[in-house]
Amino acid sequence: MPAALAAQRPMARSFNEQLADRAASHAIDLLRFEAQARAQILGFLEQLKVEIEAKVRGFLRDGESAQAKRLRAESLLRQVEETIATAYGDAADAHEEVLTGLARVEGASAASNFRSVAIAADLDLNVLTAQQLRAIASDVLIENAPSRSWWAAQAGDTLERFKQELREGLALGETTDDIVRRIRGSATGRRNTYELNGKTYTYVEFRGGVLDTSTRHARALVRTSVQAVASTARRSTFEENQDVV
């Protein structure tokens with residue numbers, strides 16, 4: 001073959017280069033997955049906002065005596081504590097299921113990518129067991145704590161912030177609308193949607209307030225946990241196949 005034609009022939013991409021290309025493509029898919037997971041899990045907190053506002057409006061009465069307001073506030077706090085615990089527990093369950101599914105996909109993807117570019121395409125690679133996948137999802141550390149512990153801690157923080165704003169609002173003699181604004185924040189005018197239990201809901205976006213803080217923390221959790229579980233599942237798959245990798 002003439003040297004000129006040989007020079008024009010594309011060089012075969014190395015094993016590492018092929019893996020890098022697949023990793024870049026997969027990173028885009030992971031971002032899409034993260035957005036879907038975030039929308040699914042934050043649906044529980046959006047519903048929580050609706051329920052808390054309804055309880056505040058249902059329990060508080062403008063123009064009542066201080067004693068009557070105090071008694072109503074005590075009943076309200078008990079109801080809201082239960083509502084927050086339920087919402088965060090449901091979010092924790094959904095989060096763990098999402099991460100378990102992600103670990104399964106990431107482990108299978110890592111093995112598939114290796115097979116697709118390896119010389120010996122019929123390599124018998126080990127896959128992660130269901131128990132290993134569940135452990136990866138449940139034990140991922142977020143701010144040095146397992147994800148479920150993080151959700152429980154955030155539920156407690158949300159309740160404490162709610163108590164503080166409610167008590168300050170009552171002490172200042174604010175109206176029910178004022179107290180709702182403390183909890184929910186102020187409307188931005190933008191409308192968003194979320195899905196929960198197979199149904200799609202439309203809501204007005206709010207900024208500021210107790211529940212906006214909770215939502216921002218949850219968004220960060222989803223982003224961090226998705227990246228951590230994906231990385232751990234891939235690394236664990238390679239560790240299971242050290243003899244060939």
# chains A, B, ... in the order shown; residues from 1 in each chain; ligands from 1
call {"tool": "select_by_dssp", "arguments": {"residues": "range 95-245 of chain A", "states": "strand (DSSP E)", "output": "ChimeraX atom specification"}}
result
/A:141-142,145-146,186-196,199-207
call {"tool": "closest_atom_pairs", "arguments": {"of": "range 132-244 of chain A", "to": "range 37-41 of chain A", "cutoff": "8 Å", "atoms": "only C-alpha atoms", "output": "JSON lines"}}
result
{"residue": "A:Tyr194", "atom": "CA", "partner": "A:Ala39", "partner_atom": "CA", "distance": 6.2}
{"residue": "A:Glu195", "atom": "CA", "partner": "A:Gln40", "partner_atom": "CA", "distance": 6.2}
{"residue": "A:Leu196", "atom": "CA", "partner": "A:Gln40", "partner_atom": "CA", "distance": 7.0}
{"residue": "A:Arg219", "atom": "CA", "partner": "A:Arg38", "partner_atom": "CA", "distance": 6.4}
{"residue": "A:Val222", "atom": "CA", "partner": "A:Arg38", "partner_atom": "CA", "distance": 6.0}
{"residue": "A:Arg223", "atom": "CA", "partner": "A:Arg38", "partner_atom": "CA", "distance": 7.7}
call {"tool": "write_last_selection", "arguments": {"atoms": "C-alpha atoms", "output": "compact mmCIF listing (two decimals), in the first residue's frame"}}
result
# COMPACT_ATOMS: atom_id res chain seq x y z
CA TYR A 194 -44.57 17.65 39.37
CA GLU A 195 -45.71 14.04 39.34
CA LEU A 196 -46.83 12.07 42.36
CA ARG A 219 -32.23 19.10 45.21
CA VAL A 222 -30.45 14.11 44.72
CA ARG A 223 -27.60 15.55 42.66
call {"tool": "residues_around", "arguments": {"residues": "range 58-65 of chain A", "least_positions_apart": "6", "cutoff": "8 Å", "atoms": "only C-alpha atoms", "output": "list in words"}}
result
Arg72, Ala73, Ser75, Leu76, Thr175 and Thr176 of chain A
call {"tool": "residues_around", "arguments": {"residues": "range 227-244 of chain A", "least_positions_apart": "3", "cutoff": "6 Å", "atoms": "only C-alpha atoms", "output": "PyMOL selection string"}}
result
chain A and resi 103+106-107+110+224
call {"tool": "residues_around", "arguments": {"residues": "range 204-206 of chain A", "least_positions_apart": "4", "cutoff": "12 Å", "atoms": "only C-alpha atoms", "output": "short mmCIF file (atom, residue, chain, number, x, y, z; two decimals) with N, CA, C and O atoms, in the first residue's frame"}}
result
data_model
loop_
_atom_site.label_atom_id
_atom_site.label_comp_id
_atom_site.auth_asym_id
_atom_site.auth_seq_id
_atom_site.Cartn_x
_atom_site.Cartn_y
_atom_site.Cartn_z
N GLU A 46 -43.27 19.11 47.27
CA GLU A 46 -44.25 20.06 46.74
C GLU A 46 -45.63 19.77 47.32
O GLU A 46 -46.38 20.68 47.66
N LYS A 49 -45.87 21.07 50.85
CA LYS A 49 -46.17 22.50 50.93
C LYS A 49 -47.67 22.75 50.88
O LYS A 49 -48.21 23.56 51.65
N VAL A 50 -48.34 22.05 49.98
CA VAL A 50 -49.79 22.22 49.84
C VAL A 50 -50.49 21.80 51.13
O VAL A 50 -51.40 22.50 51.62
N VAL A 180 -48.56 32.21 56.65
CA VAL A 180 -48.42 31.34 55.49
C VAL A 180 -47.25 31.80 54.63
O VAL A 180 -46.46 30.99 54.13
N ARG A 181 -47.11 33.12 54.47
CA ARG A 181 -46.01 33.66 53.67
C ARG A 181 -44.66 33.34 54.30
O ARG A 181 -43.68 33.09 53.60
N ARG A 182 -44.60 33.36 55.62
CA ARG A 182 -43.37 32.99 56.31
C ARG A 182 -42.98 31.54 55.99
O ARG A 182 -41.80 31.22 55.79
N ILE A 183 -43.98 30.68 55.96
CA ILE A 183 -43.73 29.25 55.76
C ILE A 183 -43.45 28.94 54.30
O ILE A 183 -42.52 28.21 53.96
N ARG A 184 -44.27 29.50 53.42
CA ARG A 184 -44.24 29.14 52.01
C ARG A 184 -43.33 30.02 51.18
O ARG A 184 -42.77 29.60 50.17
N GLY A 185 -43.15 31.27 51.58
CA GLY A 185 -42.38 32.22 50.79
C GLY A 185 -43.29 33.07 49.92
O GLY A 185 -44.51 33.08 50.09
N SER A 186 -42.71 33.77 48.97
CA SER A 186 -43.46 34.65 48.08
C SER A 186 -43.49 34.08 46.67
O SER A 186 -42.51 33.50 46.19
N ALA A 187 -44.62 34.25 45.99
CA ALA A 187 -44.80 33.70 44.65
C ALA A 187 -43.91 34.41 43.64
O ALA A 187 -43.75 35.62 43.69
N THR A 188 -43.33 33.63 42.73
CA THR A 188 -42.50 34.20 41.67
C THR A 188 -43.32 34.47 40.41
O THR A 188 -42.84 35.15 39.51
N GLY A 189 -44.52 33.89 40.34
CA GLY A 189 -45.35 34.03 39.15
C GLY A 189 -45.15 32.91 38.15
O GLY A 189 -45.93 32.76 37.21
N ARG A 190 -44.11 32.13 38.33
CA ARG A 190 -43.86 31.02 37.41
C ARG A 190 -44.62 29.78 37.85
O ARG A 190 -44.81 29.53 39.04
N ARG A 191 -45.05 28.99 36.87
CA ARG A 191 -45.76 27.74 37.16
C ARG A 191 -44.89 26.55 36.75
O ARG A 191 -44.26 26.56 35.71
N ASN A 192 -44.89 25.54 37.59
CA ASN A 192 -44.17 24.30 37.32
C ASN A 192 -45.10 23.12 37.51
O ASN A 192 -46.24 23.28 37.97
N THR A 193 -44.63 21.95 37.17
CA THR A 193 -45.42 20.73 37.37
C THR A 193 -44.57 19.70 38.11
O THR A 193 -43.34 19.74 38.09
N TYR A 194 -45.23 18.80 38.77
CA TYR A 194 -44.57 17.65 39.37
C TYR A 194 -45.51 16.46 39.31
O TYR A 194 -46.73 16.61 39.17
N VAL A 210 -39.66 28.68 54.84
CA VAL A 210 -39.15 27.44 55.40
C VAL A 210 -39.06 26.34 54.36
O VAL A 210 -38.04 25.65 54.24
N LEU A 211 -40.11 26.18 53.58
CA LEU A 211 -40.18 25.04 52.68
C LEU A 211 -39.30 25.21 51.44
O LEU A 211 -38.91 24.22 50.82
N ASP A 212 -39.00 26.44 51.06
CA ASP A 212 -38.08 26.65 49.96
C ASP A 212 -36.69 26.17 50.34
O ASP A 212 -35.98 25.56 49.53
N THR A 213 -36.29 26.42 51.56
CA THR A 213 -35.00 25.93 52.06
C THR A 213 -34.94 24.41 52.02
O THR A 213 -33.94 23.82 51.59
N THR A 215 -36.59 22.41 50.07
CA THR A 215 -36.55 21.95 48.68
C THR A 215 -35.14 22.09 48.11
O THR A 215 -34.65 21.21 47.39
N ARG A 216 -34.47 23.20 48.40
CA ARG A 216 -33.11 23.41 47.89
C ARG A 216 -32.16 22.35 48.45
O ARG A 216 -31.30 21.84 47.73
#
call {"tool": "atom_distance", "arguments": {"atom1": "CA of Gln132 in chain A", "atom2": "CA of Arg32 in chain A"}}
result
24.5 Å
call {"tool": "residues_around", "arguments": {"residues": "Thr83 in chain A", "least_positions_apart": "5", "cutoff": "9 Å", "atoms": "only C-alpha atoms", "output": "list of chain:residue names"}}
result
A:Leu48, A:Glu51, A:Ile52, A:Arg78, A:Tyr88
call {"tool": "select_by_dssp", "arguments": {"residues": "range 48-185 of chain A", "states": "helix (DSSP H, G or I)", "output": "number ranges by chain"}}
result
A: 48-59, 66-117, 130-139, 147-171, 176-184
call {"tool": "atom_distance", "arguments": {"atom1": "CA of Lys55 in chain A", "atom2": "CA of Trp150 in chain A"}}
result
25.5 Å
call {"tool": "decode", "arguments": {"residues": "range 221-245 of chain A", "atoms": "N, CA, C and O atoms", "output": "short mmCIF file (atom, residue, chain, number, x, y, z; two decimals), in the first residue's frame"}}
result
data_model
loop_
_atom_site.label_atom_id
_atom_site.label_comp_id
_atom_site.auth_asym_id
_atom_site.auth_seq_id
_atom_site.Cartn_x
_atom_site.Cartn_y
_atom_site.Cartn_z
N LEU A 221 -29.25 17.03 47.56
CA LEU A 221 -29.13 15.63 47.94
C LEU A 221 -29.25 14.73 46.73
O LEU A 221 -28.44 13.80 46.54
N VAL A 222 -30.25 14.96 45.90
CA VAL A 222 -30.45 14.11 44.72
C VAL A 222 -29.23 14.17 43.81
O VAL A 222 -28.73 13.15 43.34
N ARG A 223 -28.75 15.38 43.55
CA ARG A 223 -27.60 15.55 42.66
C ARG A 223 -26.39 14.79 43.21
O ARG A 223 -25.72 14.05 42.48
N THR A 224 -26.10 14.98 44.48
CA THR A 224 -24.92 14.35 45.08
C THR A 224 -25.06 12.83 45.14
O THR A 224 -24.12 12.09 44.84
N SER A 225 -26.24 12.36 45.52
CA SER A 225 -26.44 10.91 45.68
C SER A 225 -26.40 10.18 44.35
O SER A 225 -25.88 9.07 44.26
N VAL A 226 -26.95 10.78 43.30
CA VAL A 226 -26.93 10.14 41.98
C VAL A 226 -25.49 9.95 41.53
O VAL A 226 -25.09 8.88 41.06
N GLN A 227 -24.68 10.99 41.66
CA GLN A 227 -23.29 10.89 41.24
C GLN A 227 -22.53 9.87 42.10
O GLN A 227 -21.72 9.09 41.58
N ALA A 228 -22.80 9.87 43.40
CA ALA A 228 -22.09 8.96 44.30
C ALA A 228 -22.45 7.51 44.03
O ALA A 228 -21.57 6.63 43.99
N VAL A 229 -23.74 7.22 43.85
CA VAL A 229 -24.16 5.84 43.61
C VAL A 229 -23.66 5.35 42.26
O VAL A 229 -23.20 4.20 42.12
N ALA A 230 -23.74 6.19 41.24
CA ALA A 230 -23.26 5.80 39.92
C ALA A 230 -21.77 5.45 39.97
O ALA A 230 -21.34 4.42 39.42
N SER A 231 -20.99 6.29 40.63
CA SER A 231 -19.55 6.05 40.73
C SER A 231 -19.26 4.78 41.52
O SER A 231 -18.40 3.96 41.13
N THR A 232 -19.98 4.58 42.64
CA THR A 232 -19.75 3.40 43.48
C THR A 232 -20.13 2.12 42.74
O THR A 232 -19.42 1.10 42.83
N ALA A 233 -21.24 2.14 42.02
CA ALA A 233 -21.67 0.94 41.29
C ALA A 233 -20.66 0.56 40.21
O ALA A 233 -20.35 -0.62 40.02
N ARG A 234 -20.16 1.56 39.49
CA ARG A 234 -19.16 1.27 38.45
C ARG A 234 -17.88 0.71 39.08
O ARG A 234 -17.31 -0.28 38.60
N ARG A 235 -17.43 1.38 40.15
CA ARG A 235 -16.19 0.93 40.79
C ARG A 235 -16.35 -0.48 41.38
O ARG A 235 -15.46 -1.32 41.23
N SER A 236 -17.51 -0.74 41.97
CA SER A 236 -17.74 -2.07 42.56
C SER A 236 -17.78 -3.15 41.49
O SER A 236 -17.32 -4.27 41.71
N THR A 237 -18.34 -2.82 40.33
CA THR A 237 -18.37 -3.79 39.23
C THR A 237 -16.97 -4.14 38.77
O THR A 237 -16.64 -5.32 38.54
N PHE A 238 -16.11 -3.13 38.64
CA PHE A 238 -14.73 -3.41 38.24
C PHE A 238 -13.98 -4.19 39.32
O PHE A 238 -13.17 -5.06 39.02
N GLU A 239 -14.28 -3.89 40.59
CA GLU A 239 -13.63 -4.63 41.66
C GLU A 239 -14.04 -6.10 41.67
O GLU A 239 -13.26 -6.97 42.03
N GLU A 240 -15.30 -6.36 41.25
CA GLU A 240 -15.78 -7.74 41.17
C GLU A 240 -15.11 -8.50 40.04
O GLU A 240 -15.19 -9.73 39.97
N ASN A 241 -14.50 -7.76 39.12
CA ASN A 241 -13.88 -8.40 37.95
C ASN A 241 -12.41 -8.04 37.83
O ASN A 241 -11.90 -7.79 36.72
N GLN A 242 -11.72 -7.98 38.94
CA GLN A 242 -10.31 -7.58 38.93
C GLN A 242 -9.44 -8.52 38.09
O GLN A 242 -8.42 -8.10 37.54
N ASP A 243 -9.86 -9.78 37.97
CA ASP A 243 -9.03 -10.73 37.25
C ASP A 243 -8.97 -10.42 35.75
O ASP A 243 -7.98 -10.77 35.09
N VAL A 244 -10.00 -9.74 35.23
CA VAL A 244 -9.98 -9.41 33.79
C VAL A 244 -9.79 -7.92 33.54
O VAL A 244 -9.34 -7.51 32.48
N VAL A 245 -10.18 -7.09 34.50
CA VAL A 245 -10.05 -5.64 34.32
C VAL A 245 -8.63 -5.19 34.63
O VAL A 245 -8.04 -4.41 33.90
#
